[in-house]
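So the structure is just underneath, and the comments pick up after that.
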Amino acid sequence: MAQEDATAILDMAVHEGVTFFDTGRNYGSSERQMGDLRRRHGGESLTIATKAGLIGNQTRDFTRPFLEKSVEDSLAQIGGREIDVFQVNKPTLEQWRTFGIADTLARLKGKGRVRHTGLIVGELAVGYEAVRSRAVDCIQVLYNLLYHETDELIASAHQAGIAVIVRSPLNSGLLSGRYTTKTTFDANDARSTFFTGEEFNSRLESLRRIQEDLGVSSDALLGFAIRFILSRPDVSTVIPAASTPHQLMAYVQAAKAIHQMADLSHDERRCMRAVVETHLLLSSSQIQNI
């Protein structure tokens with residue numbers, strides 16, 4: 001995406017009332033763009049979350065020196081005296097314990113370089129340990145209409161007073177209502193590696209059956225998927241990716257229409273989960289972690 005297009009979408013987002021932005025050290029010039037956005041909209045109360053730990057090629061570093069340097073590097077791009085939300089990106093349980101990540105996060109917060117600390121959950125066990133120890137202020141989890149493995153973790157975090165950020169609300173676009181068996185992706189698009197062939201067609205057919213059982217048309221699917229998440233009182237915010245103004249406005253409209261869908265009770269969510277799992281049962285190894 002051209003930088004001017006990204007700038008226009010970000011400015012539109014602020015104009016439409018978006019106040020939470022998620023970025024990271026591995027997202028190209030994204031952190032610098034977030035700093036520019038804050039400077040352009042100094043009167044707005046914007047929260048910028050970033051993350052560290054992933055180096056590249058799925059290798060990760062959670063040592064204290066690396067995380068401390070990451071904070072300083074992010075601050076140099078975003079600006080300000082402290083990072084609003086600093087998240088460690090999917091450590092394993094062994095890494096969480098071996099590198100004393102909880103202690104490092106507390107140290108960064110104590111030094112005034114980080115306002116809030118967070119964990120991006122890969123292994124569920126790490127999420128539960130962080131929640132039990134109250135080592136972070138927020139967790140970021142994969143959760144959507146088709147993926148429910150983090151359902152109980154979300155509830156546990158909320159009960160512990162820990163905020164919950166939901167990523168991949170549309171299951172890499174599958175819940176946008178736009179995909180068909182003829183949909184293809186460019187070779188440089190990660191979806192080309194897992195949304196293809198018979199498995200992709202089978203997943204589309206499962207989704208069609210789920211929609212029939214829930215009474216949701218393809219035109220209404222995106223809005224329903226966003227409201228499904230935001231109707232949970234234990235979810236703090238959701239971070240869909242928008243690469244066009246049209247996508248952004250679809251998300252904004254869905255969020256503004258949240259009053260049309262009352263908070264879902266535990267029993268209602270359980271029934272919807274049962275409907276989904278009748279046709280499609282996804283584990284964390286079968287869904288793209290965005």
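Identifiers for the structure tokens are assigned positionally: chains receive A, B, ... in sequence, residues are indexed from 1 per chain, and ligands are indexed from 1 in the order shown.
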Find the residues near A:Ile229: any atom within 9 Å, counting only C-alpha atoms, skip ones fewer than 6 places away on the same chain, and give them as a PDB file with C-alpha atoms, in the first residue's frame.
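Listing of part13.pdb after writing:
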```
ATOM      1  CA  TYR A 143     -11.003 -15.168  18.610  1.00  0.00           C
ATOM      2  CA  ASN A 144     -13.830 -15.012  16.095  1.00  0.00           C
ATOM      3  CA  LEU A 145     -17.092 -16.629  15.073  1.00  0.00           C
ATOM      4  CA  VAL A 166      -9.194  -9.560  19.886  1.00  0.00           C
ATOM      5  CA  PRO A 169     -12.007 -11.057  13.870  1.00  0.00           C
ATOM      6  CA  VAL A 235     -13.815  -7.865  25.237  1.00  0.00           C
ATOM      7  CA  THR A 237     -11.469  -3.859  21.697  1.00  0.00           C
ATOM      8  CA  VAL A 238     -11.070  -5.600  18.352  1.00  0.00           C
TER       9      VAL A 238
END
```
Neighbouring residues of stretch 32-47 of chain A were defined as those with any atom within 6 Å, considering only C-alpha atoms; residues of the same chain fewer than 5 positions away were excluded. Please report them as a compact mmCIF listing (two decimals) with C-alpha atoms, in the first residue's frame.
```txt
# COMPACT_ATOMS: atom_id res chain seq x y z
CA THR A 19 -8.87 5.51 19.06
CA PHE A 20 -6.91 2.24 19.39
CA GLN A 77 9.63 5.92 15.98
CA ILE A 78 6.37 6.59 17.79
CA GLY A 79 7.58 9.45 19.96
```
Just want the 10 Å neighbourhood of A:Ile258, counted on only C-alpha atoms, with same-chain residues fewer than 3 positions away dropped. Output as a PDB file with N, CA and C atoms, in the first residue's frame.
```pdb
ATOM      1  N   GLY A 223     -20.597  -7.617   9.385  1.00  0.00           N
ATOM      2  CA  GLY A 223     -21.136  -6.884  10.527  1.00  0.00           C
ATOM      3  C   GLY A 223     -21.492  -7.810  11.672  1.00  0.00           C
ATOM      4  N   PHE A 224     -22.064  -8.958  11.351  1.00  0.00           N
ATOM      5  CA  PHE A 224     -22.417  -9.922  12.389  1.00  0.00           C
ATOM      6  C   PHE A 224     -21.168 -10.415  13.108  1.00  0.00           C
ATOM      7  N   ILE A 226     -18.248  -8.918  13.520  1.00  0.00           N
ATOM      8  CA  ILE A 226     -17.689  -7.882  14.395  1.00  0.00           C
ATOM      9  C   ILE A 226     -18.557  -7.706  15.632  1.00  0.00           C
ATOM     10  N   ARG A 227     -19.878  -7.665  15.433  1.00  0.00           N
ATOM     11  CA  ARG A 227     -20.775  -7.479  16.582  1.00  0.00           C
ATOM     12  C   ARG A 227     -20.762  -8.697  17.497  1.00  0.00           C
ATOM     13  N   PHE A 228     -20.560  -9.885  16.932  1.00  0.00           N
ATOM     14  CA  PHE A 228     -20.450 -11.088  17.740  1.00  0.00           C
ATOM     15  C   PHE A 228     -19.350 -10.936  18.787  1.00  0.00           C
ATOM     16  N   ILE A 229     -18.259 -10.324  18.399  1.00  0.00           N
ATOM     17  CA  ILE A 229     -17.135 -10.125  19.318  1.00  0.00           C
ATOM     18  C   ILE A 229     -17.408  -8.963  20.268  1.00  0.00           C
ATOM     19  N   LEU A 230     -17.808  -7.824  19.720  1.00  0.00           N
ATOM     20  CA  LEU A 230     -17.971  -6.628  20.549  1.00  0.00           C
ATOM     21  C   LEU A 230     -19.182  -6.702  21.473  1.00  0.00           C
ATOM     22  N   SER A 231     -20.081  -7.643  21.216  1.00  0.00           N
ATOM     23  CA  SER A 231     -21.227  -7.780  22.117  1.00  0.00           C
ATOM     24  C   SER A 231     -20.843  -8.457  23.419  1.00  0.00           C
ATOM     25  N   GLN A 253     -19.062   0.928  10.721  1.00  0.00           N
ATOM     26  CA  GLN A 253     -20.515   0.790  10.740  1.00  0.00           C
ATOM     27  C   GLN A 253     -20.953  -0.380  11.608  1.00  0.00           C
ATOM     28  N   ALA A 254     -20.201  -1.463  11.552  1.00  0.00           N
ATOM     29  CA  ALA A 254     -20.530  -2.624  12.385  1.00  0.00           C
ATOM     30  C   ALA A 254     -20.396  -2.279  13.864  1.00  0.00           C
ATOM     31  N   ALA A 255     -19.345  -1.545  14.202  1.00  0.00           N
ATOM     32  CA  ALA A 255     -19.135  -1.163  15.599  1.00  0.00           C
ATOM     33  C   ALA A 255     -20.213  -0.201  16.078  1.00  0.00           C
ATOM     34  N   MET A 261     -27.374  -5.453  18.712  1.00  0.00           N
ATOM     35  CA  MET A 261     -27.132  -6.820  19.172  1.00  0.00           C
ATOM     36  C   MET A 261     -26.799  -6.756  20.657  1.00  0.00           C
ATOM     37  N   ALA A 262     -27.691  -7.216  21.487  1.00  0.00           N
ATOM     38  CA  ALA A 262     -27.482  -7.163  22.929  1.00  0.00           C
ATOM     39  C   ALA A 262     -26.331  -8.082  23.323  1.00  0.00           C
ATOM     40  N   ASP A 263     -25.789  -7.829  24.527  1.00  0.00           N
ATOM     41  CA  ASP A 263     -24.735  -8.698  25.036  1.00  0.00           C
ATOM     42  C   ASP A 263     -25.196 -10.153  25.014  1.00  0.00           C
TER      43      ASP A 263
END
```
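Separating atom CA of A:Val88 from atom CA of A:Thr150 is a distance of 17.9 Å.
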According to DSSP computed on the backbone, where in stretch 26-186 of chain A is there alpha helix (DSSP H)? Give the residues as JSON, numbers by chain. {"A": [30, 31, 32, 33, 34, 35, 36, 37, 38, 39, 40, 64, 65, 66, 67, 68, 69, 70, 71, 72, 73, 74, 75, 76, 77, 78, 93, 94, 95, 96, 97, 98, 101, 102, 103, 104, 105, 106, 107, 108, 109, 110, 124, 125, 126, 127, 128, 129, 130, 131, 132, 133, 151, 152, 153, 154, 155, 156, 157, 158, 159]}
For A:Ala130, list every protein, DNA or RNA residue within 12 Å, evaluated using only C-alpha atoms, and leave out those in the same chain fewer than 2 positions away; present the list as number ranges by chain. A: 88, 90-93, 96-97, 100-103, 105, 117-121, 123-128, 132-140, 153, 156-157, 160, 162
For A:Thr59: contacts at 12 Å, only C-alpha atoms, fewer than 3 positions along chain excluded, given as number ranges by chain: A: 52-56, 62, 89-92
Write a file of the just-selected residues containing C-alpha atoms, as a short mmCIF file (atom, residue, chain, number, x, y, z; two decimals), in the first residue's frame.
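Listed below is the output, again27.cif:
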```
data_model
loop_
_atom_site.label_atom_id
_atom_site.label_comp_id
_atom_site.auth_asym_id
_atom_site.auth_seq_id
_atom_site.Cartn_x
_atom_site.Cartn_y
_atom_site.Cartn_z
CA ALA A 52 8.29 -7.08 20.23
CA GLY A 53 9.90 -10.49 20.42
CA LEU A 54 9.57 -11.68 16.83
CA ILE A 55 12.82 -11.18 14.93
CA GLY A 56 11.94 -12.83 11.63
CA PHE A 62 12.60 -12.35 24.79
CA ASN A 89 4.66 -11.42 20.84
CA LYS A 90 3.67 -15.06 21.45
CA PRO A 91 6.33 -16.46 23.78
CA THR A 92 6.08 -20.16 24.58
#
```
Could you find all residues in stretch 35-170 of chain A that DSSP calls strand (DSSP E or B) from the backbone, and write them as a PyMOL selection string? chain A and resi 47-52+54-56+59-60+83-89+114-120+138-142+144+147+163-167
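Atom CA of A:Gln58 sits 24.3 Å away from atom CA of A:Glu199.
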Would you pick out the contacts of A:Thr104 at 10 Å or less, using only C-alpha atoms, so that residues sharing its chain but fewer than 2 positions from it are not included, and give the list as a PyMOL selection string? chain A and resi 62-65+67-68+99-102+106-110
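Residues within 12 Å of A:Met272, counting only C-alpha atoms and excluding same-chain residues fewer than 6 positions away, are Asn144, Leu145, Leu146, Tyr147, His148, Ile210, Gln211, Asp213, Leu214, Gly215, Ala225, Phe228, Leu264, Ser265, His266, Thr278 and His279 of chain A.
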Output file for the residues above (C-alpha atoms, as a PDB file, in the first residue's frame):
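Contents of the output file out.pdb:
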```pdb
ATOM      1  CA  ASN A 144     -13.830 -15.012  16.095  1.00  0.00           C
ATOM      2  CA  LEU A 145     -17.092 -16.629  15.073  1.00  0.00           C
ATOM      3  CA  LEU A 146     -15.225 -19.669  13.706  1.00  0.00           C
ATOM      4  CA  TYR A 147     -12.540 -19.978  16.403  1.00  0.00           C
ATOM      5  CA  HIS A 148     -13.565 -20.378  20.049  1.00  0.00           C
ATOM      6  CA  ILE A 210     -23.131 -22.197   9.596  1.00  0.00           C
ATOM      7  CA  GLN A 211     -24.679 -19.106   8.050  1.00  0.00           C
ATOM      8  CA  ASP A 213     -28.156 -22.313  10.784  1.00  0.00           C
ATOM      9  CA  LEU A 214     -27.527 -18.862  12.272  1.00  0.00           C
ATOM     10  CA  GLY A 215     -29.667 -17.062   9.700  1.00  0.00           C
ATOM     11  CA  ALA A 225     -18.850 -11.200  12.930  1.00  0.00           C
ATOM     12  CA  PHE A 228     -20.450 -11.088  17.740  1.00  0.00           C
ATOM     13  CA  LEU A 264     -24.646 -12.430  24.482  1.00  0.00           C
ATOM     14  CA  SER A 265     -25.174 -14.587  27.536  1.00  0.00           C
ATOM     15  CA  HIS A 266     -22.868 -17.506  28.242  1.00  0.00           C
ATOM     16  CA  THR A 278     -21.099 -28.985  14.195  1.00  0.00           C
ATOM     17  CA  HIS A 279     -19.788 -27.942  10.801  1.00  0.00           C
TER      18      HIS A 279
END
```
Atom CA of A:Asp186 to atom CA of A:Ser218: how many Å, to one decimal? 23.2 Å
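For the set A:Arg113, A:Thr184, A:Glu31, A:Gln95, the residue with the smallest atom-to-atom gap to A:Val71 is A:Arg113, counting only C-alpha atoms.
With only C-alpha atoms as the basis for measurement, A:Leu207 is the residue among A:Val14, A:Val252, A:Leu207, A:Ala274 that approaches A:Leu174 most closely.
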